[in-house]
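Data file: structure.txt. Format and content: compact mmCIF, N, CA and C atoms.
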```txt
# COMPACT_ATOMS: atom_id res chain seq x y z
N MET A 1 88.40 57.20 25.99
CA MET A 1 87.72 58.42 26.38
C MET A 1 88.75 59.39 26.95
N PRO A 2 88.78 60.62 26.43
CA PRO A 2 89.76 61.59 26.91
C PRO A 2 89.49 62.00 28.36
N ALA A 3 90.54 62.38 29.04
CA ALA A 3 90.41 62.83 30.43
C ALA A 3 89.79 64.21 30.45
N ILE A 4 88.82 64.40 31.33
CA ILE A 4 88.16 65.69 31.50
C ILE A 4 88.75 66.34 32.75
N PRO A 5 89.34 67.53 32.63
CA PRO A 5 89.92 68.19 33.81
C PRO A 5 88.85 68.42 34.89
N ASP A 6 89.31 68.49 36.12
CA ASP A 6 88.40 68.68 37.25
C ASP A 6 88.13 70.16 37.44
N ARG A 7 87.15 70.68 36.69
CA ARG A 7 86.74 72.08 36.77
C ARG A 7 85.23 72.14 36.76
N LEU A 8 84.68 73.26 37.20
CA LEU A 8 83.22 73.41 37.19
C LEU A 8 82.72 73.78 35.81
N TYR A 9 83.40 74.69 35.14
CA TYR A 9 82.94 75.17 33.84
C TYR A 9 84.05 75.09 32.80
N PHE A 10 83.64 74.88 31.56
CA PHE A 10 84.56 74.82 30.44
C PHE A 10 84.04 75.75 29.35
N LYS A 11 84.94 76.50 28.74
CA LYS A 11 84.56 77.34 27.60
C LYS A 11 84.46 76.46 26.38
N ILE A 12 83.81 76.95 25.33
CA ILE A 12 83.57 76.14 24.15
C ILE A 12 84.87 75.68 23.49
N GLY A 13 85.91 76.51 23.54
CA GLY A 13 87.20 76.12 22.98
C GLY A 13 87.83 74.96 23.75
N ASP A 14 87.65 74.99 25.09
CA ASP A 14 88.16 73.89 25.92
C ASP A 14 87.45 72.59 25.57
N VAL A 15 86.12 72.65 25.43
CA VAL A 15 85.34 71.45 25.11
C VAL A 15 85.72 70.94 23.72
N ALA A 16 85.94 71.85 22.78
CA ALA A 16 86.33 71.45 21.44
C ALA A 16 87.66 70.70 21.47
N ARG A 17 88.62 71.20 22.26
CA ARG A 17 89.92 70.52 22.37
C ARG A 17 89.78 69.16 23.06
N ILE A 18 89.04 69.11 24.15
CA ILE A 18 88.88 67.85 24.90
C ILE A 18 88.23 66.79 24.01
N CYS A 19 87.22 67.19 23.26
CA CYS A 19 86.43 66.24 22.48
C CYS A 19 86.97 66.03 21.06
N GLY A 20 87.90 66.84 20.63
CA GLY A 20 88.44 66.69 19.28
C GLY A 20 87.43 67.10 18.21
N LEU A 21 86.68 68.14 18.47
CA LEU A 21 85.67 68.64 17.55
C LEU A 21 85.89 70.13 17.30
N GLU A 22 85.24 70.64 16.28
CA GLU A 22 85.27 72.07 16.03
C GLU A 22 84.16 72.74 16.84
N ALA A 23 84.33 74.01 17.18
CA ALA A 23 83.34 74.74 17.98
C ALA A 23 82.00 74.83 17.25
N TYR A 24 82.02 74.97 15.92
CA TYR A 24 80.76 75.09 15.20
C TYR A 24 79.96 73.79 15.28
N VAL A 25 80.65 72.65 15.40
CA VAL A 25 79.95 71.37 15.55
C VAL A 25 79.22 71.36 16.89
N LEU A 26 79.88 71.84 17.93
CA LEU A 26 79.25 71.89 19.26
C LEU A 26 78.02 72.81 19.24
N ARG A 27 78.15 73.96 18.59
CA ARG A 27 77.00 74.87 18.53
C ARG A 27 75.85 74.25 17.75
N PHE A 28 76.16 73.52 16.68
CA PHE A 28 75.11 72.85 15.91
C PHE A 28 74.45 71.75 16.73
N TRP A 29 75.25 70.97 17.43
CA TRP A 29 74.69 69.89 18.25
C TRP A 29 73.78 70.45 19.34
N GLU A 30 74.07 71.64 19.84
CA GLU A 30 73.17 72.26 20.83
C GLU A 30 71.77 72.43 20.25
N SER A 31 71.70 72.75 18.97
CA SER A 31 70.38 72.95 18.33
C SER A 31 69.70 71.62 18.04
N GLN A 32 70.45 70.53 17.98
CA GLN A 32 69.88 69.23 17.63
C GLN A 32 69.56 68.35 18.84
N PHE A 33 70.25 68.55 19.94
CA PHE A 33 70.09 67.71 21.12
C PHE A 33 69.61 68.56 22.30
N PRO A 34 68.37 68.39 22.71
CA PRO A 34 67.87 69.20 23.83
C PRO A 34 68.59 68.90 25.14
N GLN A 35 69.25 67.74 25.23
CA GLN A 35 69.98 67.40 26.46
C GLN A 35 71.24 68.24 26.62
N LEU A 36 71.70 68.82 25.54
CA LEU A 36 72.95 69.59 25.55
C LEU A 36 72.62 71.07 25.63
N LYS A 37 72.61 71.60 26.85
CA LYS A 37 72.28 73.00 27.07
C LYS A 37 73.29 73.64 28.01
N PRO A 38 74.41 74.14 27.48
CA PRO A 38 75.37 74.80 28.37
C PRO A 38 74.81 76.13 28.88
N ASN A 39 75.28 76.52 30.04
CA ASN A 39 74.90 77.83 30.58
C ASN A 39 75.57 78.90 29.74
N LYS A 40 75.09 80.13 29.88
CA LYS A 40 75.75 81.25 29.21
C LYS A 40 76.08 82.31 30.25
N SER A 41 77.26 82.90 30.07
CA SER A 41 77.68 83.96 30.99
C SER A 41 76.93 85.24 30.63
N GLY A 42 77.16 86.27 31.40
CA GLY A 42 76.52 87.55 31.13
C GLY A 42 76.91 88.13 29.79
N THR A 43 78.07 87.72 29.28
CA THR A 43 78.53 88.21 27.98
C THR A 43 78.13 87.26 26.85
N GLY A 44 77.36 86.22 27.16
CA GLY A 44 76.89 85.29 26.14
C GLY A 44 77.84 84.16 25.84
N GLN A 45 78.92 84.05 26.60
CA GLN A 45 79.89 82.97 26.37
C GLN A 45 79.33 81.66 26.94
N ARG A 46 79.46 80.58 26.16
CA ARG A 46 78.96 79.28 26.60
C ARG A 46 79.84 78.74 27.71
N LEU A 47 79.19 78.25 28.77
CA LEU A 47 79.90 77.64 29.88
C LEU A 47 79.37 76.22 30.06
N TYR A 48 80.16 75.26 29.63
CA TYR A 48 79.77 73.86 29.72
C TYR A 48 80.16 73.31 31.08
N ARG A 49 79.30 72.45 31.63
CA ARG A 49 79.62 71.73 32.85
C ARG A 49 80.17 70.37 32.46
N ARG A 50 80.66 69.65 33.45
CA ARG A 50 81.23 68.32 33.21
C ARG A 50 80.21 67.41 32.53
N ARG A 51 78.95 67.43 32.99
CA ARG A 51 77.94 66.55 32.38
C ARG A 51 77.68 66.92 30.91
N ASP A 52 77.83 68.22 30.57
CA ASP A 52 77.70 68.63 29.17
C ASP A 52 78.84 68.06 28.33
N VAL A 53 80.06 68.09 28.88
CA VAL A 53 81.22 67.55 28.17
C VAL A 53 81.04 66.04 27.98
N GLU A 54 80.57 65.36 29.03
CA GLU A 54 80.31 63.92 28.92
C GLU A 54 79.25 63.64 27.87
N MET A 55 78.23 64.48 27.79
CA MET A 55 77.17 64.32 26.79
C MET A 55 77.74 64.50 25.38
N VAL A 56 78.61 65.48 25.20
CA VAL A 56 79.25 65.69 23.89
C VAL A 56 80.06 64.46 23.50
N LEU A 57 80.80 63.91 24.46
CA LEU A 57 81.61 62.72 24.16
C LEU A 57 80.73 61.53 23.80
N GLU A 58 79.59 61.41 24.46
CA GLU A 58 78.65 60.31 24.14
C GLU A 58 78.05 60.51 22.75
N ILE A 59 77.66 61.73 22.42
CA ILE A 59 77.12 62.01 21.08
C ILE A 59 78.18 61.71 20.04
N LYS A 60 79.41 62.13 20.30
CA LYS A 60 80.50 61.87 19.36
C LYS A 60 80.70 60.37 19.17
N ARG A 61 80.66 59.61 20.26
CA ARG A 61 80.82 58.16 20.16
C ARG A 61 79.71 57.55 19.31
N LEU A 62 78.47 57.96 19.57
CA LEU A 62 77.34 57.41 18.82
C LEU A 62 77.44 57.74 17.33
N VAL A 63 77.79 58.98 17.02
CA VAL A 63 77.80 59.42 15.63
C VAL A 63 79.03 58.91 14.88
N TYR A 64 80.22 59.10 15.46
CA TYR A 64 81.44 58.78 14.73
C TYR A 64 81.85 57.31 14.86
N ALA A 65 81.73 56.72 16.07
CA ALA A 65 82.19 55.34 16.26
C ALA A 65 81.10 54.32 15.93
N GLU A 66 79.87 54.60 16.34
CA GLU A 66 78.78 53.65 16.15
C GLU A 66 78.06 53.84 14.82
N GLY A 67 78.25 54.98 14.18
CA GLY A 67 77.65 55.22 12.87
C GLY A 67 76.20 55.67 12.90
N TYR A 68 75.73 56.18 14.03
CA TYR A 68 74.37 56.69 14.13
C TYR A 68 74.23 57.98 13.33
N THR A 69 73.03 58.22 12.82
CA THR A 69 72.71 59.54 12.30
C THR A 69 72.44 60.43 13.51
N LEU A 70 72.33 61.74 13.30
CA LEU A 70 72.03 62.62 14.43
C LEU A 70 70.67 62.29 15.02
N ALA A 71 69.68 61.99 14.17
CA ALA A 71 68.35 61.62 14.66
C ALA A 71 68.42 60.31 15.45
N GLY A 72 69.20 59.35 14.97
CA GLY A 72 69.35 58.08 15.67
C GLY A 72 70.06 58.26 17.00
N ALA A 73 71.09 59.10 17.04
CA ALA A 73 71.80 59.37 18.28
C ALA A 73 70.88 60.06 19.29
N LYS A 74 70.07 60.98 18.80
CA LYS A 74 69.11 61.68 19.67
C LYS A 74 68.14 60.68 20.28
N GLN A 75 67.65 59.77 19.47
CA GLN A 75 66.70 58.75 19.95
C GLN A 75 67.39 57.81 20.95
N ALA A 76 68.62 57.42 20.67
CA ALA A 76 69.35 56.53 21.58
C ALA A 76 69.57 57.22 22.94
N LEU A 77 69.90 58.51 22.91
CA LEU A 77 70.10 59.24 24.17
C LEU A 77 68.80 59.36 24.95
N GLU A 78 67.70 59.60 24.26
CA GLU A 78 66.40 59.70 24.94
C GLU A 78 66.04 58.38 25.60
N GLN A 79 66.34 57.27 24.94
CA GLN A 79 66.03 55.96 25.52
C GLN A 79 66.87 55.68 26.75
N THR A 80 68.13 56.06 26.74
CA THR A 80 68.97 55.81 27.92
C THR A 80 68.56 56.70 29.09
N GLN A 81 68.00 57.88 28.79
CA GLN A 81 67.57 58.77 29.87
C GLN A 81 66.25 58.32 30.48
N ARG A 82 65.46 57.56 29.74
CA ARG A 82 64.17 57.08 30.26
C ARG A 82 64.32 55.93 31.24
N ARG A 83 65.46 55.22 31.19
CA ARG A 83 65.66 54.09 32.09
C ARG A 83 65.67 54.59 33.52
N PRO A 84 64.98 53.89 34.40
CA PRO A 84 64.99 54.33 35.80
C PRO A 84 66.36 54.09 36.43
N HIS A 85 66.79 55.06 37.19
CA HIS A 85 68.07 54.95 37.88
C HIS A 85 67.85 54.30 39.24
N PRO A 86 68.70 53.36 39.63
CA PRO A 86 68.51 52.72 40.94
C PRO A 86 68.71 53.74 42.06
N GLN A 87 67.84 53.66 43.05
CA GLN A 87 67.91 54.57 44.19
C GLN A 87 68.93 54.05 45.19
N PRO A 88 69.73 54.94 45.78
CA PRO A 88 70.68 54.49 46.79
C PRO A 88 69.92 54.06 48.04
N PRO A 89 70.47 53.14 48.82
CA PRO A 89 69.77 52.71 50.04
C PRO A 89 69.68 53.86 51.03
N LEU A 90 68.56 53.92 51.74
CA LEU A 90 68.34 54.97 52.73
C LEU A 90 69.17 54.70 53.97
N PRO A 91 69.75 55.72 54.57
CA PRO A 91 70.49 55.51 55.82
C PRO A 91 69.52 55.26 56.96
N LEU A 92 70.05 54.90 58.11
CA LEU A 92 69.21 54.62 59.26
C LEU A 92 68.49 55.87 59.75
N LYS A 93 69.12 57.01 59.68
CA LYS A 93 68.52 58.25 60.15
C LYS A 93 68.15 59.13 58.96
N PRO A 94 66.85 59.24 58.60
CA PRO A 94 66.46 60.05 57.44
C PRO A 94 66.86 61.51 57.57
N HIS A 95 66.81 62.09 58.78
CA HIS A 95 67.16 63.50 58.92
C HIS A 95 68.65 63.73 58.65
N ALA A 96 69.50 62.76 58.94
CA ALA A 96 70.92 62.89 58.66
C ALA A 96 71.17 62.94 57.16
N ARG A 97 70.38 62.17 56.42
CA ARG A 97 70.53 62.18 54.95
C ARG A 97 70.19 63.56 54.40
N ARG A 98 69.11 64.16 54.92
CA ARG A 98 68.73 65.48 54.44
C ARG A 98 69.81 66.51 54.75
N LEU A 99 70.40 66.42 55.93
CA LEU A 99 71.45 67.37 56.30
C LEU A 99 72.69 67.16 55.43
N ASP A 100 73.06 65.90 55.18
CA ASP A 100 74.20 65.63 54.32
C ASP A 100 73.94 66.16 52.91
N GLY A 101 72.74 65.95 52.40
CA GLY A 101 72.39 66.44 51.06
C GLY A 101 72.43 67.95 51.00
N ALA A 102 71.93 68.60 52.05
CA ALA A 102 71.94 70.06 52.08
C ALA A 102 73.38 70.58 52.17
N GLY A 103 74.21 69.92 52.98
CA GLY A 103 75.61 70.33 53.09
C GLY A 103 76.35 70.18 51.77
N ALA A 104 76.08 69.08 51.08
CA ALA A 104 76.72 68.86 49.77
C ALA A 104 76.25 69.91 48.77
N MET A 105 74.96 70.24 48.81
CA MET A 105 74.42 71.24 47.90
C MET A 105 75.05 72.61 48.16
N ILE A 106 75.19 72.94 49.44
CA ILE A 106 75.80 74.22 49.80
C ILE A 106 77.27 74.25 49.37
N ALA A 107 77.97 73.14 49.55
CA ALA A 107 79.37 73.08 49.14
C ALA A 107 79.50 73.25 47.63
N ARG A 108 78.61 72.62 46.86
CA ARG A 108 78.65 72.77 45.40
C ARG A 108 78.35 74.21 45.00
N ALA A 109 77.36 74.82 45.67
CA ALA A 109 77.01 76.21 45.35
C ALA A 109 78.18 77.14 45.66
N ARG A 110 78.85 76.92 46.80
CA ARG A 110 80.02 77.75 47.14
C ARG A 110 81.11 77.61 46.10
N ALA A 111 81.37 76.36 45.69
CA ALA A 111 82.42 76.13 44.69
C ALA A 111 82.08 76.81 43.37
N GLU A 112 80.81 76.72 42.97
CA GLU A 112 80.39 77.37 41.73
C GLU A 112 80.50 78.89 41.83
N LEU A 113 80.13 79.44 42.98
CA LEU A 113 80.24 80.89 43.16
C LEU A 113 81.70 81.34 43.15
N ARG A 114 82.60 80.54 43.74
CA ARG A 114 84.02 80.88 43.68
C ARG A 114 84.52 80.87 42.24
N GLU A 115 84.07 79.87 41.48
CA GLU A 115 84.48 79.78 40.06
C GLU A 115 83.97 80.99 39.28
N ILE A 116 82.73 81.38 39.50
CA ILE A 116 82.16 82.54 38.82
C ILE A 116 82.89 83.82 39.23
N ALA A 117 83.17 83.95 40.53
CA ALA A 117 83.90 85.13 41.00
C ALA A 117 85.28 85.20 40.36
N GLY A 118 85.93 84.06 40.20
CA GLY A 118 87.23 84.04 39.54
C GLY A 118 87.12 84.46 38.09
N MET A 119 86.07 84.01 37.40
CA MET A 119 85.87 84.39 36.00
C MET A 119 85.61 85.88 35.89
N LEU A 120 84.82 86.42 36.81
CA LEU A 120 84.52 87.85 36.78
C LEU A 120 85.77 88.68 37.07
N ALA A 121 86.59 88.19 37.99
CA ALA A 121 87.80 88.92 38.32
C ALA A 121 88.79 88.91 37.15
N ALA A 122 88.78 87.83 36.38
CA ALA A 122 89.70 87.71 35.26
C ALA A 122 89.21 88.46 34.03
N ALA A 123 87.91 88.78 33.98
CA ALA A 123 87.34 89.46 32.81
C ALA A 123 87.82 90.91 32.76
N PRO A 124 88.12 91.41 31.56
CA PRO A 124 88.53 92.81 31.48
C PRO A 124 87.38 93.73 31.85
N ALA A 125 87.72 94.84 32.49
CA ALA A 125 86.69 95.79 32.91
C ALA A 125 86.09 96.46 31.68
N ALA A 126 84.79 96.65 31.71
CA ALA A 126 84.10 97.31 30.60
C ALA A 126 84.44 98.80 30.61
N ALA A 127 84.53 99.37 29.43
CA ALA A 127 84.80 100.80 29.31
C ALA A 127 83.61 101.58 29.88
N PRO A 128 83.86 102.69 30.56
CA PRO A 128 82.73 103.46 31.11
C PRO A 128 81.87 104.01 29.97
N ARG A 129 80.57 104.01 30.22
CA ARG A 129 79.64 104.49 29.21
C ARG A 129 79.64 106.01 29.19
N ARG A 130 79.62 106.58 28.00
CA ARG A 130 79.58 108.03 27.86
C ARG A 130 78.14 108.50 28.01
N ARG A 131 78.00 109.62 28.65
CA ARG A 131 76.67 110.20 28.76
C ARG A 131 76.42 111.04 27.52
N SER A 132 75.21 111.08 27.11
CA SER A 132 74.90 111.89 25.93
C SER A 132 74.97 113.37 26.29
N ARG A 133 75.08 114.20 25.26
CA ARG A 133 75.11 115.64 25.49
C ARG A 133 73.80 116.11 26.08
N PHE A 134 72.72 115.43 25.71
CA PHE A 134 71.40 115.84 26.21
C PHE A 134 71.30 115.62 27.71
N ALA A 135 71.86 114.51 28.21
CA ALA A 135 71.83 114.25 29.64
C ALA A 135 72.70 115.25 30.38
N ALA A 136 73.85 115.61 29.79
CA ALA A 136 74.73 116.59 30.41
C ALA A 136 74.07 117.96 30.43
N ALA A 137 73.37 118.33 29.34
CA ALA A 137 72.71 119.63 29.27
C ALA A 137 71.57 119.71 30.28
N ALA A 138 70.85 118.62 30.45
CA ALA A 138 69.74 118.60 31.39
C ALA A 138 70.23 118.76 32.83
N SER A 139 71.43 118.26 33.11
CA SER A 139 71.94 118.37 34.48
C SER A 139 72.70 119.69 34.69
N GLY A 140 72.88 120.50 33.65
CA GLY A 140 73.54 121.78 33.78
C GLY A 140 75.05 121.68 33.74
N GLU A 141 75.61 120.54 33.35
CA GLU A 141 77.05 120.36 33.35
C GLU A 141 77.70 120.73 32.03
N LEU A 142 76.90 121.04 31.02
CA LEU A 142 77.44 121.24 29.69
C LEU A 142 78.36 122.47 29.61
N PHE A 143 77.96 123.58 30.26
CA PHE A 143 78.72 124.80 30.12
C PHE A 143 79.40 125.22 31.42
N SER A 144 79.33 124.42 32.45
CA SER A 144 79.94 124.81 33.71
C SER A 144 81.38 124.34 33.76
N SER A 145 82.27 125.18 34.22
CA SER A 145 83.68 124.86 34.44
C SER A 145 84.33 125.96 35.22
```
What is this structure when it is put down as structure tokens?
Amino acid sequence: MPAIPDRLYFKIGDVARICGLEAYVLRFWESQFPQLKPNKSGTGQRLYRRRDVEMVLEIKRLVYAEGYTLAGAKQALEQTQRRPHPQPPLPLKPHARRLDGAGAMIARARAELREIAGMLAAAPAAAPRRRSRFAAAASGELFSS
């Protein structure tokens, strides 16, 4: 299994390189596997999370190594998701668990917001929109100078 870098989001090209697949295969698998739903940025760019990359690697293993059809791989993934997950033991103080969970959630949200802010800062600025002549004429700016 290839190493997945420790990042919050991956672009489709990054996922394609990590998984050894073409980007069009990833886009097609999104339409075939409801479990595979990457987020999209404001510009429509796919942003995969670590769990999405792990899901792609599992689909690839089922299809290429195990010989499943896409329908068979979909069914196998649905069956593994239906299995109940063991619950972690409760700590002695239930309120401490809630606070720890809330703190972890806040830390994850902060990290995600920092990642998004970094992506926005790195994005090229959009060109300013031109106003139509009609809007300029209505405001009286067309002939003033």
Problem - Nearby residues, (87.0, 67.3, 25.3) file frame, 8 Å, all atoms listed in the file, as a VMD selection string - result: chain A and resid 2 to 5 13 to 21 53 to 54 56 to 57
Problem - Protein and nucleic acid residues near (65.8, 66.0, 17.8) (cut-off 7 Å, all atoms listed in the file) as a PyMOL selection string - result: chain A and resi 31-34+70-71+74-75
Handout entry: Nearest to Arg50 of chain A, chosen from A:Ala102, A:Phe10, A:Leu113, A:Arg108, with only N, CA and C atoms counted in the distances
Key =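 Checking each candidate against Arg50 of chain A, we get A:Phe10 as the closest.
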Practice task
Could you tell me which of A:Ala23, A:Leu77, A:Leu120, A:Ala109 comes closest to Arg46 of chain A if we count only C-alpha atoms?
Solution key: A:Ala23
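Across the model, the gap from atom C of Ala104 of chain A to atom CA of Glu30 of chain A is 28.2 Å.
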Exercise for the section: Please measure the separation of atom CA of Ile59 of chain A and atom N of Ala73 of chain A, giving the value in Å to one decimal. Expected result: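 For atom CA of Ile59 of chain A relative to atom N of Ala73 of chain A, the distance reads 7.8 Å.
Here atom CA of Arg27 of chain A and atom C of Lys11 of chain A stand 10.9 Å from one another.
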Exercise for the section: Kindly indicate which residue among A:Glu78, A:Ala111, A:Ile12, A:Glu22 lies nearest to Lys40 of chain A, using only C-alpha atoms for the distances. Expected result: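 Closest candidate: A:Ile12.
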Practice task
With a distance cut-off of 8 Å and only N, CA and C atoms, select the neighbouring residues of Glu112 of chain A, excluding the residue or stretch itself and same-chain residues fewer than 6 positions from it, and output the selection as a list in words.
Solution key: Leu8, Tyr9, Ile106 and Gly118 of chain A
I need segment 3-17 of chain A written out with N, CA and C atoms, as a short mmCIF file (atom, residue, chain, number, x, y, z; two decimals), in the first residue's frame; please produce it.
```cif
data_model
loop_
_atom_site.label_atom_id
_atom_site.label_comp_id
_atom_site.auth_asym_id
_atom_site.auth_seq_id
_atom_site.Cartn_x
_atom_site.Cartn_y
_atom_site.Cartn_z
N ALA A 3 2.32 5.01 0.53
CA ALA A 3 2.23 5.94 1.65
C ALA A 3 1.39 7.14 1.25
N ILE A 4 0.48 7.52 2.13
CA ILE A 4 -0.37 8.69 1.90
C ILE A 4 0.21 9.84 2.72
N PRO A 5 0.57 10.95 2.07
CA PRO A 5 1.13 12.09 2.82
C PRO A 5 0.14 12.59 3.88
N ASP A 6 0.68 13.20 4.91
CA ASP A 6 -0.14 13.70 6.01
C ASP A 6 -0.64 15.09 5.67
N ARG A 7 -1.76 15.15 4.93
CA ARG A 7 -2.40 16.41 4.54
C ARG A 7 -3.89 16.26 4.74
N LEU A 8 -4.58 17.39 4.81
CA LEU A 8 -6.04 17.34 4.95
C LEU A 8 -6.72 17.07 3.62
N TYR A 9 -6.27 17.73 2.57
CA TYR A 9 -6.92 17.59 1.27
C TYR A 9 -5.91 17.25 0.19
N PHE A 10 -6.39 16.52 -0.81
CA PHE A 10 -5.57 16.14 -1.95
C PHE A 10 -6.34 16.49 -3.22
N LYS A 11 -5.64 17.05 -4.20
CA LYS A 11 -6.26 17.33 -5.49
C LYS A 11 -6.31 16.03 -6.27
N ILE A 12 -7.13 15.98 -7.32
CA ILE A 12 -7.33 14.75 -8.06
C ILE A 12 -6.03 14.24 -8.68
N GLY A 13 -5.15 15.14 -9.11
CA GLY A 13 -3.86 14.73 -9.66
C GLY A 13 -2.98 14.05 -8.61
N ASP A 14 -3.04 14.58 -7.37
CA ASP A 14 -2.28 13.97 -6.28
C ASP A 14 -2.78 12.55 -6.00
N VAL A 15 -4.10 12.40 -5.96
CA VAL A 15 -4.70 11.08 -5.69
C VAL A 15 -4.36 10.12 -6.82
N ALA A 16 -4.38 10.61 -8.06
CA ALA A 16 -4.05 9.76 -9.20
C ALA A 16 -2.61 9.26 -9.08
N ARG A 17 -1.68 10.14 -8.68
CA ARG A 17 -0.28 9.73 -8.52
C ARG A 17 -0.12 8.74 -7.37
#
```
